[in-house]
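The structure file my_file_1.tsv is reproduced below (TSV, C-alpha atoms).
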```
chain	number	residue	atom	x	y	z
T	1	MET	CA	41.23	-99.45	12.15
T	2	VAL	CA	43.07	-100.97	15.09
T	3	THR	CA	45.11	-104.13	15.10
T	4	LYS	CA	46.49	-106.00	18.06
T	5	GLN	CA	48.14	-109.34	18.77
T	6	PHE	CA	46.96	-111.63	21.52
T	7	THR	CA	48.15	-114.93	22.90
T	8	VAL	CA	45.63	-117.65	23.63
T	9	LEU	CA	46.00	-118.50	27.29
T	10	ASN	CA	43.30	-121.14	27.56
T	11	GLU	CA	44.48	-124.65	28.27
T	12	LYS	CA	41.97	-126.07	25.82
T	13	GLY	CA	42.89	-123.47	23.24
T	14	PHE	CA	40.44	-121.23	21.43
T	15	HIS	CA	37.58	-123.73	21.57
T	16	ALA	CA	33.82	-123.41	21.27
T	17	ARG	CA	33.15	-121.35	24.39
T	18	PRO	CA	35.80	-118.62	23.79
T	19	ALA	CA	34.72	-118.52	20.15
T	20	GLY	CA	31.14	-118.02	21.29
T	21	MET	CA	32.12	-115.23	23.67
T	22	LEU	CA	34.13	-113.42	21.00
T	23	ALA	CA	31.40	-113.80	18.36
T	24	LYS	CA	28.83	-112.48	20.84
T	25	VAL	CA	30.78	-109.32	21.59
T	26	VAL	CA	31.50	-108.75	17.91
T	27	LYS	CA	27.90	-109.35	16.82
T	28	SER	CA	26.70	-106.75	19.33
T	29	SER	CA	28.79	-104.13	17.54
T	30	ASP	CA	28.57	-102.71	14.03
T	31	SER	CA	32.34	-102.86	13.58
T	32	GLN	CA	34.09	-105.30	11.28
T	33	VAL	CA	36.30	-107.63	13.25
T	34	HIS	CA	38.70	-110.14	11.76
T	35	MET	CA	41.08	-112.63	13.25
T	36	LYS	CA	44.28	-113.55	11.50
T	37	VAL	CA	45.98	-116.75	12.52
T	38	LYS	CA	48.46	-118.90	10.61
T	39	GLU	CA	47.82	-117.01	7.35
T	40	LYS	CA	44.08	-117.53	7.68
T	41	VAL	CA	41.77	-114.55	8.10
T	42	VAL	CA	38.30	-115.13	9.49
T	43	ASP	CA	35.30	-112.97	10.21
T	44	CYS	CA	34.75	-112.90	13.96
T	45	ARG	CA	30.98	-112.52	13.59
T	46	SER	CA	30.69	-116.18	12.75
T	47	ILE	CA	31.29	-118.60	15.60
T	48	ILE	CA	31.48	-121.52	13.22
T	49	THR	CA	34.21	-119.87	11.13
T	50	LEU	CA	36.08	-118.85	14.28
T	51	MET	CA	36.19	-122.47	15.31
T	52	THR	CA	37.90	-123.49	12.07
T	53	THR	CA	41.00	-121.65	13.26
T	54	ALA	CA	41.86	-124.40	15.76
T	55	VAL	CA	44.15	-122.15	17.79
T	56	ARG	CA	46.05	-123.84	20.59
T	57	GLN	CA	47.22	-122.55	23.93
T	58	GLY	CA	50.30	-120.37	23.55
T	59	GLU	CA	49.62	-119.50	19.93
T	60	GLU	CA	49.21	-115.92	18.82
T	61	VAL	CA	46.37	-114.33	16.90
T	62	GLU	CA	45.93	-110.92	15.38
T	63	ILE	CA	42.64	-109.09	15.82
T	64	ARG	CA	41.70	-106.30	13.45
T	65	VAL	CA	38.79	-104.03	14.34
T	66	ASP	CA	37.36	-101.50	11.93
T	67	GLY	CA	34.47	-99.30	12.95
T	68	GLN	CA	33.05	-96.51	15.06
T	69	ASP	CA	33.64	-98.26	18.37
T	70	GLU	CA	36.96	-99.86	17.43
T	71	THR	CA	38.86	-98.40	20.39
T	72	THR	CA	36.48	-99.66	23.05
T	73	LEU	CA	35.84	-102.91	21.23
T	74	ILE	CA	39.53	-103.84	20.95
T	75	GLN	CA	39.89	-103.13	24.67
T	76	GLU	CA	36.94	-105.38	25.42
T	77	ILE	CA	38.42	-108.14	23.27
T	78	GLU	CA	41.82	-107.67	24.89
T	79	ALA	CA	40.31	-108.08	28.34
T	80	MET	CA	38.74	-111.37	27.23
T	81	PHE	CA	42.00	-112.75	25.90
T	82	LEU	CA	43.95	-111.63	28.98
T	83	ASP	CA	41.35	-113.26	31.21
T	84	GLY	CA	41.60	-116.52	29.27
T	85	PHE	CA	37.93	-116.08	28.47
T	86	GLY	CA	37.07	-116.73	32.09
T	87	GLU	CA	38.58	-120.23	32.18
V	1	MET	CA	14.31	-113.51	23.36
V	2	VAL	CA	13.90	-115.93	20.48
V	3	GLY	CA	13.63	-119.56	21.54
V	4	ILE	CA	15.23	-122.54	19.84
V	5	VAL	CA	13.88	-126.06	19.42
V	6	LEU	CA	16.12	-128.93	18.40
V	7	VAL	CA	14.34	-131.77	16.63
V	8	SER	CA	16.31	-134.96	16.26
V	9	HIS	CA	15.47	-138.58	15.70
V	10	SER	CA	17.59	-139.26	18.77
V	11	GLU	CA	16.77	-137.99	22.26
V	12	LYS	CA	20.46	-138.08	23.16
V	13	ILE	CA	21.51	-136.08	20.13
V	14	ALA	CA	18.97	-133.35	20.83
V	15	GLN	CA	19.95	-133.16	24.51
V	16	GLY	CA	23.65	-133.22	23.71
V	17	ILE	CA	23.32	-130.39	21.22
V	18	ARG	CA	21.31	-128.48	23.79
V	19	ASP	CA	24.06	-128.95	26.39
V	20	LEU	CA	26.65	-127.71	23.92
V	21	SER	CA	24.52	-124.75	22.84
V	22	MET	CA	23.89	-123.68	26.42
V	23	GLN	CA	27.65	-123.17	26.77
V	24	MET	CA	27.42	-120.34	24.26
V	25	ALA	CA	24.05	-118.97	25.21
V	26	SER	CA	23.06	-116.95	28.25
V	27	PRO	CA	21.26	-118.89	31.02
V	28	GLU	CA	17.88	-117.34	30.09
V	29	THR	CA	18.03	-118.56	26.49
V	30	LYS	CA	15.29	-121.10	25.90
V	31	ILE	CA	16.74	-124.00	23.99
V	32	LEU	CA	14.58	-127.08	24.03
V	33	ALA	CA	15.52	-130.60	23.02
V	34	ALA	CA	12.76	-132.44	21.21
V	35	GLY	CA	14.39	-135.65	20.13
V	36	GLY	CA	13.33	-139.26	19.97
V	37	LEU	CA	10.10	-140.99	20.88
V	38	PRO	CA	8.52	-140.95	24.36
V	39	GLY	CA	9.96	-144.38	25.16
V	40	GLY	CA	13.45	-143.22	24.21
V	41	GLU	CA	13.50	-144.95	20.85
V	42	ILE	CA	14.70	-143.41	17.64
V	43	GLY	CA	12.12	-141.29	15.85
V	44	THR	CA	10.41	-137.91	15.99
V	45	ASP	CA	7.29	-137.20	18.00
V	46	PHE	CA	4.99	-134.36	17.00
V	47	GLN	CA	3.58	-134.00	20.52
V	48	ARG	CA	7.05	-133.55	21.97
V	49	ILE	CA	7.88	-131.03	19.24
V	50	LEU	CA	4.62	-129.16	19.80
V	51	GLU	CA	5.19	-128.83	23.54
V	52	SER	CA	8.78	-127.79	23.03
V	53	ILE	CA	7.77	-125.00	20.65
V	54	GLN	CA	5.18	-123.75	23.12
V	55	LYS	CA	7.74	-123.76	25.94
V	56	ALA	CA	10.45	-122.12	23.84
V	57	ASP	CA	8.33	-119.13	22.93
V	58	SER	CA	8.40	-116.06	25.13
V	59	GLY	CA	6.72	-113.80	22.57
V	60	ASP	CA	9.62	-113.28	20.19
V	61	GLY	CA	9.18	-116.48	18.27
V	62	VAL	CA	10.96	-119.77	17.84
V	63	VAL	CA	13.55	-121.14	15.41
V	64	VAL	CA	13.33	-124.89	14.85
V	65	LEU	CA	16.30	-126.95	13.72
V	66	VAL	CA	16.05	-130.55	12.51
V	67	ASP	CA	18.63	-133.27	12.04
V	68	LEU	CA	17.26	-134.91	8.92
V	69	GLY	CA	14.67	-133.94	6.38
V	70	SER	CA	12.28	-136.63	7.59
V	71	ALA	CA	11.90	-134.69	10.84
V	72	ILE	CA	10.18	-131.97	8.84
V	73	MET	CA	6.96	-134.00	8.64
V	74	SER	CA	6.56	-134.32	12.42
V	75	THR	CA	7.53	-130.69	12.80
V	76	GLU	CA	4.93	-129.55	10.27
V	77	ALA	CA	2.31	-131.68	11.99
V	78	ALA	CA	3.19	-129.93	15.25
V	79	LEU	CA	2.97	-126.50	13.60
V	80	ASP	CA	-0.56	-127.32	12.43
V	81	PHE	CA	-1.65	-127.66	16.04
V	82	LEU	CA	-0.28	-124.32	17.17
V	83	ASP	CA	-2.59	-121.37	17.55
V	84	GLU	CA	-2.33	-118.87	14.70
V	85	ASP	CA	-0.58	-116.29	16.77
V	86	LEU	CA	2.29	-118.55	17.74
V	87	ARG	CA	2.36	-120.31	14.35
V	88	ALA	CA	3.13	-116.98	12.71
V	89	ARG	CA	6.33	-116.60	14.69
V	90	VAL	CA	7.79	-120.07	14.30
V	91	VAL	CA	10.32	-120.69	11.53
V	92	LEU	CA	12.28	-123.69	10.40
V	93	ALA	CA	15.97	-123.14	9.73
V	94	ASP	CA	17.53	-125.03	6.84
V	95	ALA	CA	20.83	-125.66	8.60
V	96	PRO	CA	23.07	-128.45	9.91
V	97	ILE	CA	21.73	-129.10	13.39
V	98	VAL	CA	24.92	-128.87	15.47
V	99	GLU	CA	26.55	-125.91	13.78
V	100	GLY	CA	23.21	-124.21	13.27
V	101	ALA	CA	22.29	-124.58	16.93
V	102	ILE	CA	25.57	-123.14	18.11
V	103	SER	CA	25.40	-120.18	15.72
V	104	CYS	CA	21.83	-119.33	16.49
V	105	SER	CA	22.23	-119.75	20.25
V	106	VAL	CA	24.78	-116.97	20.18
V	107	ALA	CA	22.45	-114.81	18.08
V	108	ALA	CA	19.44	-115.49	20.30
V	109	SER	CA	21.33	-114.82	23.51
V	110	ILE	CA	22.34	-111.34	22.36
V	111	GLY	CA	18.73	-110.51	21.60
V	112	GLY	CA	18.65	-111.16	17.88
V	113	SER	CA	15.34	-110.96	16.05
V	114	LEU	CA	13.64	-114.06	14.67
V	115	GLU	CA	15.06	-113.34	11.20
V	116	GLU	CA	18.56	-112.75	12.59
V	117	VAL	CA	18.54	-115.95	14.61
V	118	LYS	CA	17.30	-117.98	11.62
V	119	ALA	CA	19.95	-116.35	9.41
V	120	ALA	CA	22.66	-117.15	11.97
V	121	ALA	CA	21.67	-120.82	11.86
V	122	GLU	CA	21.60	-120.88	8.07
V	123	GLU	CA	24.93	-119.12	7.61
V	124	SER	CA	26.59	-122.21	9.05
V	125	ARG	CA	25.49	-124.14	5.96
V	126	GLY	CA	28.40	-125.07	3.74
V	127	VAL	CA	31.11	-123.73	6.03
V	128	SER	CA	34.18	-125.95	5.94
V	129	LYS	CA	35.25	-127.40	9.23
V	130	PHE	CA	38.89	-126.62	8.74
```

Could the structure of this file be written out as structure tokens, please?
Amino acid sequence: MVTKQFTVLNEKGFHARPAGMLAKVVKSSDSQVHMKVKEKVVDCRSIITLMTTAVRQGEEVEIRVDGQDETTLIQEIEAMFLDGFGE
Amino acid sequence: MVGIVLVSHSEKIAQGIRDLSMQMASPETKILAAGGLPGGEIGTDFQRILESIQKADSGDGVVVLVDLGSAIMSTEAALDFLDEDLRARVVLADAPIVEGAISCSVAASIGGSLEEVKAAAEESRGVSKF
């Protein structure tokens, strides 16, 4: 299992599009991925649940990946956060 | 890739949900808006639904989402007019239309099967907003 913290860089926060991108990447893998933010833990496979986190720009989240491809998957997720999900 | 058809009593609602869903989906994902009556009034039109289903299918089937239960009747009428082959790969998802569309657009765009896309729509049922 790997865990890493990321800051949301997007001006509009972690809104529908970033949530969709994260859910897509997670759904394509067999690993379990969870996001912890403000004491809430959500399953990253579900875009709808991801959007309940209402994370704003500048806030931090913790991503936990558990599975065969956890090392590459966390790197992929990190790249997305660092890139502001392309926004 | 599984296609998605959005059936709403309002043309604007269906198109708006489509616009939102396309943000999550890949450009090739076929999401069709089948809302309102031909003149733009409120209602559901079986012909519009029928054509949308036909356009949304690329061989992997279609998931149909509706806004209200009364849209089911027009949708079922449309299904009756489909050829058997296509009819067998069209399913109705029992899901809230906005959340369902967003969930299943993601699933469809990553190549989910018909069952997976339908399940993605339906797993949005009952999820709290916050």

For the interface of chain T with chain V (cut-off 8 Å, counting only C-alpha atoms), please tabulate each contacting residue of chain T alongside its nearest pair of atoms and their separation in Å to one decimal, rows sorted by chain and increasing number, as CSV.
```
residue,atom,partner,partner_atom,distance
T:Ala16,CA,V:Met24,CA,7.7
T:Arg17,CA,V:Met24,CA,5.8
T:Gly20,CA,V:Met24,CA,5.3
T:Met21,CA,V:Met24,CA,7.0
T:Ala23,CA,V:Val106,CA,7.6
T:Lys24,CA,V:Val106,CA,6.1
T:Lys27,CA,V:Ala107,CA,7.8
T:Ser28,CA,V:Ile110,CA,7.0
T:Ser46,CA,V:Ser103,CA,7.3
T:Ile47,CA,V:Ser103,CA,6.1
T:Ile48,CA,V:Ser124,CA,6.5
T:Thr49,CA,V:Val127,CA,7.1
T:Met51,CA,V:Lys129,CA,7.9
T:Thr52,CA,V:Phe130,CA,4.7
T:Thr53,CA,V:Phe130,CA,7.0
T:Ala54,CA,V:Phe130,CA,7.9
```

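Omitting region 33-42 of chain T and its sequence neighbours fewer than 6 positions away, and counting only C-alpha atoms, the residues within 8 Å are Val26, Thr49, Leu50, Thr53, Val55, Glu60, Val61, Glu62, Ile63, Arg64, Val65 and Asp66 of chain T.
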
Shell around region 44-46 of chain V at 10 Å using all atoms listed in the file, local window under 4 positions removed, as a VMD selection string: chain V and resid 7 to 11 34 to 38 50 to 52 66 70 to 79 81

Spatial sel., origin (39.3, -110.4, 29.8), limit 12 Å, only C-alpha atoms, listed as a ChimeraX atom specification: /T:6,8-10,18,21-22,25,73-87

Atomic separation - CA of Val90 (chain V) relative to CA of Asp60 (chain V), Å: 9.2 Å

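Separating CA of Asp30 (chain T) from CA of Gly126 (chain V) is a distance of 24.6 Å.
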
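For the pair CA of Asp57 (chain V) and CA of Ser26 (chain V), the separation is 15.8 Å.
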
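The closest residue to Ile17 (chain V), picked from V:Ala33, V:Ile4, V:Ala56, V:Leu86 and counting all atoms listed in the file, is V:Ala33.
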